[in-house]
$ cat target04.csv   # CSV, C-alpha atoms
chain,number,residue,atom,x,y,z
A,1,MET,CA,175.0,-85.7,23.1
A,2,ALA,CA,176.1,-83.2,20.4
A,3,GLY,CA,177.9,-85.0,17.6
A,4,LYS,CA,176.5,-88.4,18.6
A,5,ASP,CA,172.8,-88.2,17.6
A,6,PRO,CA,171.6,-90.6,14.9
A,7,TYR,CA,169.4,-88.3,12.9
A,8,PHE,CA,170.2,-87.7,9.2
A,9,LYS,CA,169.8,-83.9,8.9
A,10,ILE,CA,168.9,-81.8,5.9
A,11,ASP,CA,168.7,-78.1,6.5
A,12,VAL,CA,165.9,-76.8,4.2
A,13,GLU,CA,167.1,-73.1,4.5
A,14,CYS,CA,170.8,-72.2,4.6
A,15,HIS,CA,172.2,-69.0,3.3
A,16,ILE,CA,175.8,-68.2,2.3
A,17,ILE,CA,175.7,-64.4,1.8
A,18,GLY,CA,177.9,-62.0,0.0
A,19,GLY,CA,180.3,-64.2,-1.9
A,20,GLY,CA,178.8,-63.6,-5.3
A,21,VAL,CA,178.5,-59.8,-4.9
A,22,PRO,CA,180.7,-58.6,-2.0
A,23,LYS,CA,178.6,-56.4,0.3
A,24,ARG,CA,180.9,-53.5,0.0
A,25,TYR,CA,179.4,-52.9,-3.5
A,26,TYR,CA,175.9,-52.3,-2.0
A,27,ASP,CA,176.2,-51.7,1.7
A,28,TYR,CA,175.8,-48.0,1.3
A,29,TRP,CA,172.1,-48.3,0.5
A,30,PRO,CA,169.8,-47.2,3.4
A,31,GLY,CA,167.6,-50.2,2.8
A,32,TYR,CA,170.6,-52.5,3.4
A,33,LYS,CA,171.4,-50.8,6.7
A,34,THR,CA,167.7,-51.0,7.8
A,35,TRP,CA,167.6,-54.7,7.0
A,36,TRP,CA,170.5,-55.5,9.3
A,37,ARG,CA,169.2,-53.2,12.1
A,38,ALA,CA,166.0,-55.3,12.0
A,39,VAL,CA,168.0,-58.5,12.3
A,40,GLU,CA,169.6,-57.2,15.4
A,41,GLY,CA,166.1,-56.2,16.7
A,42,ILE,CA,164.7,-59.7,16.4
A,43,ALA,CA,167.8,-61.4,18.0
A,44,LYS,CA,166.5,-60.9,21.5
A,45,PRO,CA,163.2,-62.8,21.1
A,46,LEU,CA,164.9,-65.5,19.1
A,47,TYR,CA,167.9,-66.1,21.3
A,48,GLY,CA,166.5,-65.2,24.7
A,49,LYS,CA,168.3,-63.9,27.7
A,50,PRO,CA,172.1,-63.7,27.9
A,51,GLY,CA,173.6,-66.9,29.2
A,52,GLY,CA,170.5,-68.9,28.3
A,53,PRO,CA,170.6,-72.2,26.3
A,54,ALA,CA,169.9,-70.4,23.0
A,55,TYR,CA,172.1,-67.4,23.5
A,56,PRO,CA,175.3,-67.1,21.4
A,57,ARG,CA,178.4,-68.5,23.0
A,58,GLU,CA,181.8,-66.9,22.7
A,59,GLY,CA,182.8,-66.9,19.0
A,60,GLU,CA,179.5,-68.2,17.8
A,61,TYR,CA,178.3,-64.8,16.5
A,62,ASP,CA,181.3,-64.2,14.3
A,63,ARG,CA,179.7,-64.0,10.9
A,64,GLN,CA,181.7,-65.8,8.2
A,65,ASN,CA,179.8,-66.2,5.0
A,66,THR,CA,182.0,-68.8,3.2
A,67,PRO,CA,181.2,-72.4,2.2
A,68,GLU,CA,184.1,-73.6,4.2
A,69,HIS,CA,182.8,-72.0,7.4
A,70,CYS,CA,179.3,-73.4,6.7
A,71,LEU,CA,180.6,-76.9,6.2
A,72,LYS,CA,182.7,-76.8,9.4
A,73,ILE,CA,179.7,-75.8,11.4
A,74,MET,CA,177.6,-78.5,9.7
A,75,ASP,CA,180.2,-81.0,10.7
A,76,ASN,CA,180.3,-79.7,14.3
A,77,HIS,CA,176.6,-80.3,14.7
A,78,ARG,CA,176.2,-83.4,12.4
A,79,VAL,CA,174.2,-81.7,9.7
A,80,ASP,CA,174.5,-84.0,6.7
A,81,MET,CA,173.2,-81.7,3.9
A,82,ALA,CA,171.9,-78.2,3.4
A,83,CYS,CA,169.8,-76.5,0.8
A,84,ILE,CA,171.8,-73.4,-0.2
A,85,LEU,CA,169.6,-70.5,-1.0
A,86,PRO,CA,170.7,-67.1,-2.4
A,87,GLU,CA,169.6,-63.9,-0.7
A,88,VAL,CA,168.2,-61.6,-3.4
A,89,MET,CA,166.9,-58.6,-1.3
A,90,MET,CA,166.9,-56.2,-4.3
A,91,ASP,CA,164.4,-54.1,-2.3
A,92,THR,CA,167.3,-53.2,0.0
A,93,THR,CA,169.4,-51.9,-2.9
A,94,GLY,CA,166.7,-49.8,-4.6
A,95,GLY,CA,166.3,-52.6,-7.1
A,96,SER,CA,169.8,-52.1,-8.4
A,97,MET,CA,171.4,-55.5,-7.7
A,98,ARG,CA,171.0,-58.8,-5.9
A,99,TRP,CA,173.1,-59.8,-2.9
A,100,ASP,CA,173.8,-63.2,-4.5
A,101,PRO,CA,173.4,-64.4,-8.1
A,102,ASN,CA,172.0,-67.9,-8.7
A,103,GLY,CA,175.1,-68.7,-10.7
A,104,TYR,CA,177.3,-68.2,-7.6
A,105,ILE,CA,175.1,-70.5,-5.4
A,106,ALA,CA,175.0,-73.1,-8.2
A,107,GLU,CA,178.8,-73.1,-8.3
A,108,LEU,CA,179.1,-73.6,-4.6
A,109,CYS,CA,176.8,-76.6,-4.8
A,110,GLU,CA,178.6,-78.1,-7.8
A,111,GLN,CA,181.8,-77.9,-5.8
A,112,ASN,CA,180.2,-79.7,-2.8
A,113,PRO,CA,177.7,-82.1,-4.4
A,114,ASP,CA,177.6,-84.5,-1.4
A,115,ARG,CA,176.7,-81.7,1.1
A,116,PHE,CA,175.0,-78.8,-0.7
A,117,ILE,CA,171.7,-78.8,-2.5
A,118,PHE,CA,171.1,-76.0,-5.0
A,119,CYS,CA,167.9,-74.0,-4.4
A,120,PRO,CA,167.7,-70.9,-6.5
A,121,ASN,CA,165.5,-67.8,-6.2
A,122,VAL,CA,164.6,-66.5,-9.6
A,123,GLY,CA,162.7,-63.5,-8.3
A,124,PRO,CA,161.7,-60.9,-8.2
A,125,LEU,CA,159.0,-62.3,-10.4
A,126,LYS,CA,156.8,-59.2,-10.8
A,127,GLY,CA,157.3,-57.5,-14.1
A,128,ARG,CA,159.8,-60.1,-15.4
A,129,ILE,CA,157.9,-63.3,-15.3
A,130,LYS,CA,159.0,-64.5,-18.7
A,131,GLU,CA,162.7,-64.2,-17.8
A,132,ALA,CA,162.1,-65.8,-14.3
A,133,VAL,CA,160.4,-68.8,-15.9
A,134,TRP,CA,163.2,-69.3,-18.4
A,135,GLU,CA,165.9,-69.0,-15.7
A,136,LEU,CA,164.1,-71.6,-13.5
A,137,GLU,CA,163.9,-74.1,-16.3
A,138,TYR,CA,167.5,-73.5,-17.2
A,139,LEU,CA,168.8,-73.9,-13.7
A,140,VAL,CA,166.8,-77.2,-13.1
A,141,LYS,CA,167.8,-78.8,-16.4
A,142,ASN,CA,171.4,-77.5,-16.6
A,143,ARG,CA,172.6,-76.7,-13.1
A,144,ASN,CA,170.9,-79.4,-11.0
A,145,ALA,CA,168.5,-77.1,-9.0
A,146,LYS,CA,166.4,-79.4,-6.8
A,147,MET,CA,164.0,-76.8,-5.3
A,148,VAL,CA,163.2,-73.1,-5.8
A,149,LYS,CA,162.4,-70.3,-3.4
A,150,PHE,CA,159.9,-67.6,-3.7
A,151,TYR,CA,160.4,-64.5,-1.4
A,152,PRO,CA,157.1,-62.5,-1.6
A,153,PRO,CA,158.1,-59.6,0.7
A,154,GLU,CA,160.4,-58.1,-1.9
A,155,ASP,CA,158.1,-59.0,-4.8
A,156,THR,CA,154.3,-59.3,-4.9
A,157,TYR,CA,151.3,-61.0,-3.4
A,158,ILE,CA,151.4,-64.8,-3.4
A,159,ASN,CA,148.2,-65.0,-5.4
A,160,ASP,CA,149.1,-62.3,-7.9
A,161,PRO,CA,147.7,-63.5,-11.3
A,162,GLU,CA,150.8,-62.1,-13.1
A,163,ILE,CA,153.0,-64.8,-11.6
A,164,TRP,CA,150.8,-67.8,-12.4
A,165,PRO,CA,153.2,-68.9,-15.2
A,166,PHE,CA,155.9,-69.3,-12.5
A,167,TYR,CA,153.7,-71.8,-10.5
A,168,GLU,CA,152.9,-73.6,-13.8
A,169,LYS,CA,156.6,-74.1,-14.5
A,170,VAL,CA,157.3,-75.2,-10.9
A,171,THR,CA,154.5,-77.8,-11.3
A,172,GLU,CA,155.8,-78.9,-14.7
A,173,LEU,CA,159.4,-79.4,-13.5
A,174,GLY,CA,158.2,-81.4,-10.5
A,175,ILE,CA,160.4,-79.6,-7.9
A,176,PRO,CA,159.3,-78.3,-4.5
A,177,LEU,CA,158.5,-74.6,-4.0
A,178,ALA,CA,159.9,-73.1,-0.8
A,179,ILE,CA,158.1,-70.0,0.1
A,180,HIS,CA,158.6,-67.3,2.8
A,181,LEU,CA,155.3,-67.1,4.8
A,182,GLY,CA,154.0,-65.1,7.7
A,183,TRP,CA,155.8,-61.9,8.5
A,184,SER,CA,158.5,-60.2,6.5
A,185,TRP,CA,160.8,-60.0,9.7
A,186,VAL,CA,163.0,-57.5,7.9
A,187,PRO,CA,162.1,-54.2,6.2
A,188,PRO,CA,161.8,-52.9,3.5
A,189,GLY,CA,160.0,-56.2,2.7
A,190,LYS,CA,156.2,-56.1,2.8
A,191,SER,CA,154.5,-58.5,5.1
A,192,LYS,CA,151.1,-58.1,3.4
A,193,TYR,CA,152.6,-60.0,0.4
A,194,CYS,CA,153.2,-63.2,2.3
A,195,VAL,CA,150.3,-63.9,4.6
A,196,PRO,CA,149.5,-67.6,4.2
A,197,VAL,CA,145.8,-67.2,3.5
A,198,LEU,CA,146.9,-66.0,0.0
A,199,LEU,CA,148.5,-69.4,-0.5
A,200,ASP,CA,145.1,-71.1,-0.2
A,201,GLU,CA,144.1,-70.0,-3.7
A,202,VAL,CA,147.4,-71.0,-5.2
A,203,VAL,CA,147.6,-74.6,-3.8
A,204,SER,CA,143.9,-75.1,-4.7
A,205,GLU,CA,144.7,-74.2,-8.3
A,206,PHE,CA,148.0,-76.1,-8.4
A,207,MET,CA,147.2,-79.2,-6.5
A,208,ASP,CA,150.2,-81.1,-7.8
A,209,MET,CA,152.8,-78.5,-6.7
A,210,THR,CA,154.7,-79.3,-3.5
A,211,VAL,CA,155.0,-76.2,-1.2
A,212,ILE,CA,157.2,-75.9,1.9
A,213,GLY,CA,156.1,-72.9,4.0
A,214,PHE,CA,159.1,-71.3,5.8
A,215,HIS,CA,159.0,-70.1,9.4
A,216,MET,CA,155.8,-72.0,10.2
A,217,ALA,CA,154.1,-68.8,8.7
A,218,TYR,CA,154.5,-67.2,12.1
A,219,PRO,CA,152.5,-65.4,13.5
A,220,TYR,CA,149.8,-66.9,11.2
A,221,GLN,CA,150.9,-70.5,11.9
A,222,ASP,CA,147.3,-71.7,12.4
A,223,ASP,CA,146.5,-70.8,8.7
A,224,LEU,CA,149.5,-72.8,7.5
A,225,ASN,CA,148.5,-75.7,9.8
A,226,LEU,CA,145.1,-75.8,8.2
A,227,LEU,CA,146.5,-75.6,4.7
A,228,ALA,CA,148.9,-78.6,5.5
A,229,ALA,CA,146.0,-80.5,7.0
A,230,THR,CA,143.8,-80.1,3.9
A,231,HIS,CA,146.3,-80.1,1.1
A,232,PRO,CA,148.5,-83.2,0.7
A,233,ASN,CA,151.4,-81.3,-0.9
A,234,VAL,CA,151.8,-78.5,1.7
A,235,TYR,CA,154.6,-78.8,4.3
A,236,ILE,CA,155.6,-76.8,7.4
A,237,SER,CA,159.2,-75.7,7.9
A,238,LEU,CA,160.5,-75.0,11.4
A,239,SER,CA,163.4,-72.8,10.0
A,240,LEU,CA,164.3,-69.9,12.3
A,241,LEU,CA,161.7,-70.7,15.0
A,242,VAL,CA,163.1,-74.1,16.1
A,243,ARG,CA,165.6,-72.3,18.4
A,244,TRP,CA,162.6,-71.4,20.6
A,245,ALA,CA,162.7,-75.0,21.8
A,246,LEU,CA,165.6,-73.7,23.9
A,247,SER,CA,164.8,-70.0,24.5
A,248,ARG,CA,160.9,-70.3,24.7
A,249,PRO,CA,160.2,-74.0,25.2
A,250,ARG,CA,156.5,-73.7,26.0
A,251,VAL,CA,155.9,-71.3,23.1
A,252,PHE,CA,157.6,-73.8,20.8
A,253,ALA,CA,155.7,-76.7,22.3
A,254,LYS,CA,152.4,-75.0,21.3
A,255,LEU,CA,153.8,-74.2,17.8
A,256,ILE,CA,154.9,-77.7,17.0
A,257,GLY,CA,152.1,-79.3,19.0
A,258,GLU,CA,149.5,-77.7,16.8
A,259,ALA,CA,151.5,-78.6,13.7
A,260,LEU,CA,151.6,-82.2,14.8
A,261,LEU,CA,147.9,-82.3,15.5
A,262,PHE,CA,146.8,-80.8,12.2
A,263,ALA,CA,149.4,-81.9,9.8
A,264,GLY,CA,151.3,-84.8,11.5
A,265,PRO,CA,155.1,-85.4,11.8
A,266,GLU,CA,155.3,-86.5,8.1
A,267,LYS,CA,154.5,-82.9,7.0
A,268,ILE,CA,157.0,-81.0,9.2
A,269,ILE,CA,160.5,-80.1,7.9
A,270,TRP,CA,163.5,-79.0,9.9
A,271,GLY,CA,165.7,-76.0,9.0
A,272,THR,CA,168.0,-73.3,10.5
A,273,ASP,CA,167.8,-70.1,8.4
A,274,PHE,CA,171.6,-70.1,8.8
A,275,SER,CA,173.3,-66.8,7.6
A,276,GLY,CA,176.9,-67.2,8.8
A,277,VAL,CA,176.8,-67.6,12.6
A,278,GLU,CA,177.2,-70.9,14.3
A,279,VAL,CA,174.5,-70.3,16.9
A,280,GLY,CA,171.9,-70.5,14.1
A,281,ILE,CA,172.7,-74.1,13.4
A,282,ARG,CA,173.7,-75.2,17.0
A,283,THR,CA,170.3,-74.0,18.5
A,284,ALA,CA,168.3,-75.6,15.7
A,285,VAL,CA,170.0,-78.9,16.2
A,286,ASP,CA,170.0,-78.9,20.0
A,287,GLY,CA,166.5,-77.5,20.1
A,288,LEU,CA,164.7,-80.3,18.2
A,289,ARG,CA,167.1,-83.1,19.2
A,290,ASP,CA,166.5,-82.8,22.9
A,291,PHE,CA,162.9,-81.4,22.9
A,292,GLN,CA,159.8,-83.0,24.2
A,293,ILE,CA,156.3,-81.4,24.6
A,294,PRO,CA,155.6,-81.0,28.3
A,295,GLU,CA,153.3,-83.6,29.7
A,296,ASP,CA,150.8,-81.1,31.0
A,297,MET,CA,150.5,-79.6,27.5
A,298,GLN,CA,150.0,-83.0,26.0
A,299,GLN,CA,147.2,-83.7,28.5
A,300,ASP,CA,145.6,-80.2,28.3
A,301,TYR,CA,145.8,-79.7,24.6
A,302,GLY,CA,145.9,-83.2,23.2
A,303,TYR,CA,149.3,-82.8,21.7
A,304,PRO,CA,151.1,-86.1,20.9
A,305,PRO,CA,154.6,-86.7,22.3
A,306,LEU,CA,157.5,-86.2,19.9
A,307,THR,CA,158.9,-89.7,19.2
A,308,ASP,CA,162.3,-90.7,18.0
A,309,GLU,CA,160.7,-91.7,14.7
A,310,ASP,CA,159.1,-88.3,14.4
A,311,LYS,CA,162.5,-86.6,14.8
A,312,HIS,CA,164.0,-88.8,12.1
A,313,MET,CA,161.3,-87.7,9.8
A,314,ILE,CA,161.4,-84.0,10.7
A,315,PHE,CA,165.2,-83.7,10.8
A,316,GLY,CA,165.7,-85.1,7.3
A,317,GLY,CA,163.5,-88.0,6.3
A,318,ASN,CA,160.6,-85.9,5.0
A,319,LEU,CA,162.7,-83.6,2.9
A,320,ALA,CA,164.8,-86.5,1.7
A,321,LYS,CA,161.7,-88.0,0.1
A,322,LEU,CA,160.8,-84.8,-1.6
A,323,LEU,CA,164.4,-84.3,-3.0
A,324,ASN,CA,165.2,-88.0,-3.6
A,325,VAL,CA,168.1,-88.0,-1.2
A,326,ASP,CA,169.6,-91.3,0.1
A,327,THR,CA,169.8,-91.1,3.9
A,328,GLN,CA,171.4,-94.5,4.4
A,329,GLN,CA,174.9,-93.1,4.6
A,330,ARG,CA,175.8,-90.2,6.9
A,331,ARG,CA,177.6,-87.3,5.1
A,332,VAL,CA,179.3,-85.7,8.2
$ encode --input "target04.csv" --output "structure tokens"
Amino acid sequence: MAGKDPYFKIDVECHIIGGGVPKRYYDYWPGYKTWWRAVEGIAKPLYGKPGGPAYPREGEYDRQNTPEHCLKIMDNHRVDMACILPEVMMDTTGGSMRWDPNGYIAELCEQNPDRFIFCPNVGPLKGRIKEAVWELEYLVKNRNAKMVKFYPPEDTYINDPEIWPFYEKVTELGIPLAIHLGWSWVPPGKSKYCVPVLLDEVVSEFMDMTVIGFHMAYPYQDDLNLLAATHPNVYISLSLLVRWALSRPRVFAKLIGEALLFAGPEKIIWGTDFSGVEVGIRTAVDGLRDFQIPEDMQQDYGYPPLTDEDKHMIFGGNLAKLLNVDTQQRRV
């Protein structure tokens, strides 16, 4: 079925790391080494047992952070477009440098306008809010940025009053805000900064700002579900966790079942959290495309079945509306 499915797909979270500032310039920092050790630590619960449907196949875990490699994998799994986000992670380098500048990601998107959507990260915001607000406006008006990411774990609390001007500018520019929610996943990021209950104050104040919560805010997904149920501009992203449809199907059934109950399929957005390895995209595509909530869980918990129409919305339809993308013609 791979390569033949009809769904127009837009990946809401795709990273091409290290091309702007080669990692050899900062990989000596202890924080950088700790970050990658943590990635290896969470691989087991994400991919499951060796040989399982979500486990990396031969060659799939060869990390290649180039736009050409990313496009090849997107074609392999019929992903039409991807929001390309820089990894900042200045906390891993002692605040000395970013992993990827926004200008580098903008250039990649300008070179591949039919496939890549520019989504900058102008953080860290704390202590430089004036500069961050200026850069965001510049990138939207001059470099075609369509969305902006906020990564609280390396920055500050979501409801920190000092960063209110950032939310004001996002609202004024009319672009979606993608925000990392739930757990940091990788140290030295601080998980206390990104718990979704902090978002409640923000979206109550900025009711016209569209927010996409990454990673379903796991393990606080119930909080995000309630926010999406009660705030019309709050959306839930499946990025990173959708591979559990293969490795932990009943866990994923509960996650997406609750999101469907509270928010509905029109508020759920697909994504991969790709960072250079093919398994990240393959499992995200296969997982949702072939997934159905078990009948006993539908009966016991009242979860609705995942319909073909639901999958069209989740894979790309919902995000396409937010970003004004025409889905009538496939890009692969």
$ residues_around --input "target04.csv" --residues "segment 149-154 of chain A" --least-positions-apart "5" --cutoff "6 Å" --atoms "all atoms listed in the file" --output "VMD selection string"
chain A and resid 91 121 177 to 180 184 189 to 191 193 to 194
$ closest_residue --input "target04.csv" --among "A:Phe262, A:Trp244, A:Phe116, A:Trp35" --to "Val285 of chain A" --atoms "all atoms listed in the file"
A:Trp244
$ closest_residue --input "target04.csv" --among "A:Ala229, A:Gly20, A:Pro219, A:Arg289" --to "Glu309 of chain A" --atoms "all atoms listed in the file"
A:Arg289
$ atom_distance --input "target04.csv" --atom1 "atom CA of Met313 of chain A" --atom2 "atom CA of Glu110 of chain A"
26.5 Å
$ atom_distance --input "target04.csv" --atom1 "atom CA of Pro232 of chain A" --atom2 "atom CA of Val88 of chain A"
29.5 Å
$ closest_residue --input "target04.csv" --among "A:Gln329, A:Thr272, A:Gln298, A:Gln221" --to "Phe315 of chain A" --atoms "all atoms listed in the file"
A:Thr272
$ residues_around --input "target04.csv" --residues "Tyr218 of chain A" --least-positions-apart "6" --cutoff "12 Å" --atoms "only C-alpha atoms" --output "list in words"
His180, Leu181, Gly182, Trp183, Ser184, Trp185, Ser191, Cys194, Val195, Pro196, Leu224, Asn225, Ile236, Ser237, Leu238, Ser239, Leu240, Leu241, Val242, Val251, Phe252, Leu255, Ile256 and Ala259 of chain A
$ residues_around --input "target04.csv" --residues "segment 49-65 of chain A" --least-positions-apart "5" --cutoff "7 Å" --atoms "only C-alpha atoms" --output "number ranges by chain"
A: 16-18, 243, 246-247, 276-279, 283
$ build_atoms --input "target04.csv" --residues "segment 77-103 of chain A" --atoms "N, CA and C atoms" --output "tab-separated table (two decimals), in the coordinates of the input"
chain	number	residue	atom	x	y	z
A	77	HIS	N	177.92	-80.00	14.16
A	77	HIS	CA	176.60	-80.30	14.70
A	77	HIS	C	175.91	-81.44	13.91
A	78	ARG	N	176.71	-82.18	13.14
A	78	ARG	CA	176.20	-83.40	12.40
A	78	ARG	C	175.03	-83.07	11.53
A	79	VAL	N	175.16	-82.02	10.74
A	79	VAL	CA	174.20	-81.70	9.70
A	79	VAL	C	174.71	-82.29	8.40
A	80	ASP	N	173.99	-83.23	7.83
A	80	ASP	CA	174.50	-84.00	6.70
A	80	ASP	C	174.51	-83.13	5.40
A	81	MET	N	173.38	-82.47	5.13
A	81	MET	CA	173.20	-81.70	3.90
A	81	MET	C	172.48	-80.43	4.16
A	82	ALA	N	172.63	-79.47	3.24
A	82	ALA	CA	171.90	-78.20	3.40
A	82	ALA	C	171.48	-77.70	2.02
A	83	CYS	N	170.25	-77.22	1.97
A	83	CYS	CA	169.80	-76.50	0.80
A	83	CYS	C	170.32	-75.11	0.82
A	84	ILE	N	171.13	-74.75	-0.16
A	84	ILE	CA	171.80	-73.40	-0.20
A	84	ILE	C	170.93	-72.49	-1.04
A	85	LEU	N	170.47	-71.42	-0.40
A	85	LEU	CA	169.60	-70.50	-1.00
A	85	LEU	C	170.24	-69.10	-1.15
A	86	PRO	N	170.18	-68.45	-2.29
A	86	PRO	CA	170.70	-67.10	-2.40
A	86	PRO	C	169.80	-66.10	-1.71
A	87	GLU	N	170.39	-65.06	-1.14
A	87	GLU	CA	169.60	-63.90	-0.70
A	87	GLU	C	169.56	-62.90	-1.81
A	88	VAL	N	168.38	-62.55	-2.25
A	88	VAL	CA	168.20	-61.60	-3.40
A	88	VAL	C	168.15	-60.19	-2.80
A	89	MET	N	167.10	-59.89	-2.06
A	89	MET	CA	166.90	-58.60	-1.30
A	89	MET	C	167.20	-57.39	-2.17
A	90	MET	N	166.68	-57.41	-3.40
A	90	MET	CA	166.90	-56.20	-4.30
A	90	MET	C	166.12	-55.03	-3.76
A	91	ASP	N	165.13	-55.26	-2.88
A	91	ASP	CA	164.40	-54.10	-2.30
A	91	ASP	C	165.35	-53.30	-1.39
A	92	THR	N	166.39	-53.93	-0.85
A	92	THR	CA	167.30	-53.20	0.00
A	92	THR	C	168.30	-52.33	-0.76
A	93	THR	N	168.46	-52.61	-2.05
A	93	THR	CA	169.40	-51.90	-2.90
A	93	THR	C	168.70	-51.00	-3.91
A	94	GLY	N	167.46	-50.66	-3.64
A	94	GLY	CA	166.70	-49.80	-4.60
A	94	GLY	C	166.49	-50.52	-5.91
A	95	GLY	N	166.49	-51.86	-5.91
A	95	GLY	CA	166.30	-52.60	-7.10
A	95	GLY	C	167.51	-52.63	-8.05
A	96	SER	N	168.65	-52.20	-7.54
A	96	SER	CA	169.80	-52.10	-8.40
A	96	SER	C	170.62	-53.36	-8.56
A	97	MET	N	170.62	-54.22	-7.53
A	97	MET	CA	171.40	-55.50	-7.70
A	97	MET	C	170.95	-56.48	-6.60
A	98	ARG	N	171.25	-57.76	-6.89
A	98	ARG	CA	171.00	-58.80	-5.90
A	98	ARG	C	172.20	-58.96	-5.00
A	99	TRP	N	171.95	-59.49	-3.81
A	99	TRP	CA	173.10	-59.80	-2.90
A	99	TRP	C	173.86	-60.98	-3.47
A	100	ASP	N	173.16	-62.01	-3.96
A	100	ASP	CA	173.80	-63.20	-4.50
A	100	ASP	C	173.20	-63.67	-5.76
A	101	PRO	N	173.96	-63.84	-6.82
A	101	PRO	CA	173.40	-64.40	-8.10
A	101	PRO	C	173.18	-65.91	-7.93
A	102	ASN	N	172.21	-66.42	-8.66
A	102	ASN	CA	172.00	-67.90	-8.70
A	102	ASN	C	173.19	-68.63	-9.18
A	103	GLY	N	173.92	-68.05	-10.12
A	103	GLY	CA	175.10	-68.70	-10.70
A	103	GLY	C	176.16	-68.98	-9.62
